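Text of target-v4.cif (mmCIF, C-alpha atoms) as supplied:
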```cif
data_structure
#
loop_
_atom_site.group_PDB
_atom_site.id
_atom_site.type_symbol
_atom_site.label_atom_id
_atom_site.label_comp_id
_atom_site.auth_asym_id
_atom_site.auth_seq_id
_atom_site.Cartn_x
_atom_site.Cartn_y
_atom_site.Cartn_z
ATOM 1 C CA MET A 1 7.876 21.644 -12.927
ATOM 2 C CA ALA A 2 4.382 20.406 -12.119
ATOM 3 C CA THR A 3 3.341 17.955 -9.451
ATOM 4 C CA LEU A 4 0.410 15.593 -9.726
ATOM 5 C CA LEU A 5 -0.922 15.122 -6.195
ATOM 6 C CA VAL A 6 -3.371 12.494 -5.046
ATOM 7 C CA ILE A 7 -4.693 12.732 -1.504
ATOM 8 C CA GLY A 8 -6.698 9.739 -0.350
ATOM 9 C CA TYR A 9 -9.368 10.066 2.339
ATOM 10 C CA ARG A 10 -11.160 7.442 4.434
ATOM 11 C CA ALA A 11 -14.590 9.034 3.929
ATOM 12 C CA GLU A 12 -16.528 9.325 0.689
ATOM 13 C CA ILE A 13 -17.183 13.074 1.110
ATOM 14 C CA THR A 14 -13.832 14.332 2.385
ATOM 15 C CA ALA A 15 -12.133 14.775 -1.006
ATOM 16 C CA ALA A 16 -15.005 17.004 -2.174
ATOM 17 C CA GLN A 17 -14.637 19.097 0.984
ATOM 18 C CA ALA A 18 -10.871 19.424 0.416
ATOM 19 C CA ALA A 19 -11.498 20.338 -3.240
ATOM 20 C CA GLY A 20 -13.870 23.066 -2.045
ATOM 21 C CA GLU A 21 -11.081 24.461 0.112
ATOM 22 C CA ILE A 22 -8.626 24.379 -2.813
ATOM 23 C CA ARG A 23 -11.154 26.147 -5.046
ATOM 24 C CA ARG A 24 -11.760 28.750 -2.337
ATOM 25 C CA LEU A 25 -8.005 29.399 -2.131
ATOM 26 C CA ARG A 26 -7.253 28.908 -5.829
ATOM 27 C CA GLN A 27 -6.175 32.514 -6.449
ATOM 28 C CA THR A 28 -3.834 32.425 -3.466
ATOM 29 C CA LEU A 29 -2.499 29.010 -4.469
ATOM 30 C CA LEU A 30 -2.463 29.840 -8.216
ATOM 31 C CA ILE A 31 -4.216 26.593 -9.123
ATOM 32 C CA HIS A 32 -6.486 26.392 -12.150
ATOM 33 C CA ARG A 33 -9.996 25.408 -11.146
ATOM 34 C CA GLU A 34 -9.811 22.747 -13.856
ATOM 35 C CA ALA A 35 -6.643 21.236 -12.387
ATOM 36 C CA VAL A 36 -8.644 19.835 -9.463
ATOM 37 C CA ALA A 37 -10.705 16.649 -9.572
ATOM 38 C CA VAL A 38 -12.379 14.324 -7.097
ATOM 39 C CA VAL A 39 -12.981 10.591 -7.293
ATOM 40 C CA ALA A 40 -15.309 9.087 -4.705
ATOM 41 C CA ARG A 41 -16.375 5.480 -4.425
ATOM 42 C CA ASP A 42 -19.557 4.605 -2.601
ATOM 43 C CA SER A 43 -19.882 1.621 -0.283
ATOM 44 C CA SER A 44 -21.121 -0.573 -3.161
ATOM 45 C CA GLY A 45 -17.999 0.226 -5.205
ATOM 46 C CA VAL A 46 -19.533 2.676 -7.727
ATOM 47 C CA TYR A 47 -17.211 5.531 -8.755
ATOM 48 C CA ARG A 48 -18.273 9.175 -8.903
ATOM 49 C CA VAL A 49 -15.953 11.629 -10.648
ATOM 50 C CA GLU A 50 -16.146 15.422 -10.317
ATOM 51 C CA THR A 51 -14.120 17.575 -12.725
ATOM 52 C CA SER A 52 -14.343 20.916 -14.497
ATOM 53 C CA HIS A 53 -14.062 20.812 -18.295
ATOM 54 C CA HIS A 54 -12.761 24.178 -19.419
ATOM 55 C CA ALA A 55 -10.111 24.650 -22.094
ATOM 56 C CA VAL A 56 -6.615 25.646 -21.062
ATOM 57 C CA ASP A 57 -4.293 27.918 -23.038
ATOM 58 C CA ASP A 58 -3.232 25.473 -25.761
ATOM 59 C CA GLY A 59 -6.710 24.152 -26.555
ATOM 60 C CA ALA A 60 -6.363 20.898 -24.605
ATOM 61 C CA SER A 61 -8.346 20.646 -21.405
ATOM 62 C CA TRP A 62 -7.802 19.271 -17.957
ATOM 63 C CA GLY A 63 -11.097 17.453 -18.448
ATOM 64 C CA MET A 64 -9.407 15.326 -21.138
ATOM 65 C CA PHE A 65 -6.470 14.684 -18.828
ATOM 66 C CA TRP A 66 -8.672 13.648 -15.908
ATOM 67 C CA GLY A 67 -10.870 11.479 -18.093
ATOM 68 C CA LEU A 68 -7.927 9.568 -19.491
ATOM 69 C CA LEU A 69 -6.075 9.354 -16.196
ATOM 70 C CA PHE A 70 -9.141 8.055 -14.375
ATOM 71 C CA GLY A 71 -9.790 5.622 -17.198
ATOM 72 C CA LEU A 72 -6.231 4.390 -16.843
ATOM 73 C CA LEU A 73 -6.411 4.153 -13.055
ATOM 74 C CA PHE A 74 -9.892 2.872 -12.363
ATOM 75 C CA PHE A 75 -11.722 1.612 -15.406
ATOM 76 C CA VAL A 76 -9.367 0.116 -18.014
ATOM 77 C CA PRO A 77 -7.764 -2.414 -15.630
ATOM 78 C CA GLU A 78 -11.262 -3.874 -15.179
ATOM 79 C CA PHE A 79 -11.743 -4.231 -18.942
ATOM 80 C CA GLY A 80 -8.287 -5.698 -19.583
ATOM 81 C CA ALA A 81 -7.805 -6.855 -23.164
ATOM 82 C CA THR A 82 -11.028 -5.260 -24.387
ATOM 83 C CA ALA A 83 -9.363 -1.833 -24.563
ATOM 84 C CA SER A 84 -8.500 -0.851 -28.119
ATOM 85 C CA THR A 85 -4.908 -0.769 -29.329
ATOM 86 C CA ARG A 86 -5.169 2.996 -29.841
ATOM 87 C CA LEU A 87 -6.308 3.453 -26.243
ATOM 88 C CA GLY A 88 -3.517 1.184 -25.043
ATOM 89 C CA ASP A 89 -0.988 3.244 -26.999
ATOM 90 C CA LEU A 90 -2.369 6.441 -25.500
ATOM 91 C CA PHE A 91 -2.091 5.038 -21.978
ATOM 92 C CA ALA A 92 1.498 3.978 -22.708
ATOM 93 C CA GLU A 93 2.276 7.560 -23.719
ATOM 94 C CA ILE A 94 0.712 8.824 -20.491
ATOM 95 C CA GLU A 95 2.940 6.450 -18.512
ATOM 96 C CA GLN A 96 5.999 7.658 -20.431
ATOM 97 C CA SER A 97 5.115 11.234 -19.466
ATOM 98 C CA GLY A 98 6.040 10.445 -15.874
ATOM 99 C CA ILE A 99 2.892 8.923 -14.383
ATOM 100 C CA HIS A 100 4.532 5.572 -13.729
ATOM 101 C CA ARG A 101 2.906 2.288 -12.753
ATOM 102 C CA ALA A 102 3.847 2.470 -9.064
ATOM 103 C CA PHE A 103 2.121 5.866 -8.772
ATOM 104 C CA GLN A 104 -0.904 4.499 -10.642
ATOM 105 C CA GLN A 105 -1.174 1.519 -8.302
ATOM 106 C CA GLN A 106 -0.834 3.660 -5.187
ATOM 107 C CA ALA A 107 -3.569 6.037 -6.421
ATOM 108 C CA ARG A 108 -5.802 3.111 -7.402
ATOM 109 C CA ASP A 109 -5.349 1.483 -3.990
ATOM 110 C CA MET A 110 -6.466 4.691 -2.229
ATOM 111 C CA VAL A 111 -9.965 4.649 -3.709
ATOM 112 C CA THR A 112 -11.649 1.644 -2.187
ATOM 113 C CA PRO A 113 -15.389 1.375 -1.453
ATOM 114 C CA GLY A 114 -16.493 4.131 0.940
ATOM 115 C CA THR A 115 -13.465 6.387 0.322
ATOM 116 C CA SER A 116 -12.469 9.312 -1.898
ATOM 117 C CA ALA A 117 -9.400 11.021 -3.321
ATOM 118 C CA LEU A 118 -8.515 14.554 -4.353
ATOM 119 C CA PHE A 119 -6.457 14.801 -7.545
ATOM 120 C CA LEU A 120 -4.744 18.031 -8.525
ATOM 121 C CA VAL A 121 -1.941 19.406 -10.618
ATOM 122 C CA ALA A 122 0.213 22.066 -8.940
ATOM 123 C CA GLU A 123 2.181 23.970 -11.560
ATOM 124 C CA ARG A 124 2.818 27.427 -10.125
ATOM 125 C CA VAL A 125 2.835 26.604 -6.438
ATOM 126 C CA ALA A 126 4.913 24.324 -4.249
ATOM 127 C CA PRO A 127 3.087 21.075 -3.424
ATOM 128 C CA GLU A 128 3.791 21.766 0.253
ATOM 129 C CA GLU A 129 1.617 24.911 0.094
ATOM 130 C CA VAL A 130 -1.265 22.910 -1.353
ATOM 131 C CA LEU A 131 -0.863 20.191 1.260
ATOM 132 C CA ALA A 132 -0.801 22.804 4.033
ATOM 133 C CA ALA A 133 -4.071 24.257 2.713
ATOM 134 C CA VAL A 134 -5.855 20.900 3.051
ATOM 135 C CA ALA A 135 -3.985 19.548 6.075
ATOM 136 C CA LYS A 136 -7.072 19.872 8.314
ATOM 137 C CA PHE A 137 -8.751 17.122 6.254
ATOM 138 C CA GLY A 138 -5.947 14.605 6.899
ATOM 139 C CA GLY A 139 -5.408 12.017 4.193
ATOM 140 C CA THR A 140 -2.620 10.043 2.579
ATOM 141 C CA VAL A 141 -0.527 11.731 -0.117
ATOM 142 C CA VAL A 142 1.021 10.301 -3.268
ATOM 143 C CA LYS A 143 2.743 12.561 -5.766
ATOM 144 C CA SER A 144 4.420 12.412 -9.129
ATOM 145 C CA SER A 145 6.630 15.174 -10.472
ATOM 146 C CA LEU A 146 6.311 16.200 -14.088
ATOM 147 C CA THR A 147 8.694 18.511 -15.916
ATOM 148 C CA GLN A 148 7.236 21.271 -18.070
ATOM 149 C CA ALA A 149 8.270 19.234 -21.127
ATOM 150 C CA GLN A 150 6.343 16.225 -19.779
ATOM 151 C CA VAL A 151 3.247 18.359 -19.094
ATOM 152 C CA GLU A 152 3.412 19.833 -22.607
ATOM 153 C CA GLY A 153 3.997 16.395 -24.133
ATOM 154 C CA LEU A 154 1.088 14.943 -22.191
ATOM 155 C CA GLN A 155 -1.240 17.734 -23.290
ATOM 156 C CA GLN A 156 -0.023 17.339 -26.894
ATOM 157 C CA THR A 157 -0.702 13.617 -26.669
ATOM 158 C CA LEU A 158 -4.191 14.210 -25.319
ATOM 159 C CA HIS A 159 -4.992 16.895 -27.877
ATOM 160 C CA GLY A 160 -3.507 14.930 -30.791
ATOM 161 C CA SER A 161 -5.280 11.727 -29.807
ATOM 162 C CA LEU A 162 -8.616 13.471 -29.742
ATOM 163 C CA LEU A 163 -7.968 14.920 -33.199
ATOM 164 C CA ALA A 164 -6.981 11.493 -34.528
ATOM 165 C CA THR A 165 -10.115 9.968 -33.037
ATOM 166 C CA ALA A 166 -12.277 12.680 -34.594
ATOM 167 C CA GLU A 167 -10.754 11.978 -38.028
ATOM 168 C CA MET A 168 -11.726 8.279 -37.890
#
```
Can you dump the structure from the file as structure tokens?
Amino acid sequence: MATLLVIGYRAEITAAQAAGEIRRLRQTLLIHREAVAVVARDSSGVYRVETSHHAVDDGASWGMFWGLLFGLLFFVPEFGATASTRLGDLFAEIEQSGIHRAFQQQARDMVTPGTSALFLVAERVAPEEVLAAVAKFGGTVVKSSLTQAQVEGLQQTLHGSLLATAEM
């Protein structure tokens, strides 16, 4: 079982500070460095995304996951019907993996101008341990549980979609 955690913060820099703490404790918490990402939004509404793009065991990468998830959460709703059918199908598959619309809306609502959010996937550690590690930063938590089959299916979807795109 994996848990996708989103912790929203009232300040633009707090998520990066919390991510630094997670990275510092990553061996204790057994969290892949790549399974941590930060989205900050400055006071004018411009997004800044910080991720690590290193391959994971099966050749897919968390960078692909974060890119697509953040596209789904923050960028595609602004483009509406201009998104391609293939991209729409991919986002539908992501939703079917367990990242449902209510979770998406809650995460989206956390990142307003002047705020930030820490995103991470906890696979080998209880979410409570992760939350305890960053408790000193405060924040509002939203989480979505994913079974191992859903994680594998999501990574297969991401990896397969990139291959299909490359073949075009």
Suppose a student applies the PyMOL selection byres ((chain A and resi 134-141) around 7) to this structure; what residues should they get, written as an mmCIF file with C-alpha atoms, keeping the file's coordinate frame?
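This went into result_21.cif:
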```cif
data_model
loop_
_atom_site.group_PDB
_atom_site.id
_atom_site.type_symbol
_atom_site.label_atom_id
_atom_site.label_comp_id
_atom_site.auth_asym_id
_atom_site.auth_seq_id
_atom_site.Cartn_x
_atom_site.Cartn_y
_atom_site.Cartn_z
ATOM 1 C CA LEU A 5 -0.922 15.122 -6.195
ATOM 2 C CA VAL A 6 -3.371 12.494 -5.046
ATOM 3 C CA ILE A 7 -4.693 12.732 -1.504
ATOM 4 C CA GLY A 8 -6.698 9.739 -0.350
ATOM 5 C CA TYR A 9 -9.368 10.066 2.339
ATOM 6 C CA THR A 14 -13.832 14.332 2.385
ATOM 7 C CA ALA A 18 -10.871 19.424 0.416
ATOM 8 C CA GLU A 21 -11.081 24.461 0.112
ATOM 9 C CA VAL A 130 -1.265 22.910 -1.353
ATOM 10 C CA LEU A 131 -0.863 20.191 1.260
ATOM 11 C CA ALA A 132 -0.801 22.804 4.033
ATOM 12 C CA ALA A 133 -4.071 24.257 2.713
ATOM 13 C CA VAL A 142 1.021 10.301 -3.268
ATOM 14 C CA LYS A 143 2.743 12.561 -5.766
#
```
Inset, instruction - Have a look at CA of His100 in chain A and CA of Ala126 in chain A and let me know their distance in Å, one decimal. - result: 21.0 Å
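CA of Leu4 in chain A is found 14.4 Å from CA of Arg33 in chain A.
Using only C-alpha atoms, the shortest contact distance between Ser144 in chain A and any of A:Glu12, A:Gly67, A:Gly45, A:Ile99 is found at A:Ile99.
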Once 4 Å is added on each side, what centre and edge lengths in Å to one decimal does the axis-aligned box around all listed atoms of range 36-52 of chain A have, as lines of an AutoDock Vina configuration file?
```
center_x = -14.9
center_y = 10.2
center_z = -7.4
size_x = 20.5
size_y = 29.5
size_z = 22.2
```
Inset, instruction - Calculate how many Å separate CA of Val121 in chain A from CA of Ser44 in chain A, rounding to one decimal. - result: 28.7 Å
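Using all atoms listed in the file, the residues found no farther than 7 Å from Ala37 in chain A, other than those of its own chain fewer than 2 positions away, are Ala35, Val39, Glu50, Thr51, Leu118, Phe119 and Leu120 of chain A.
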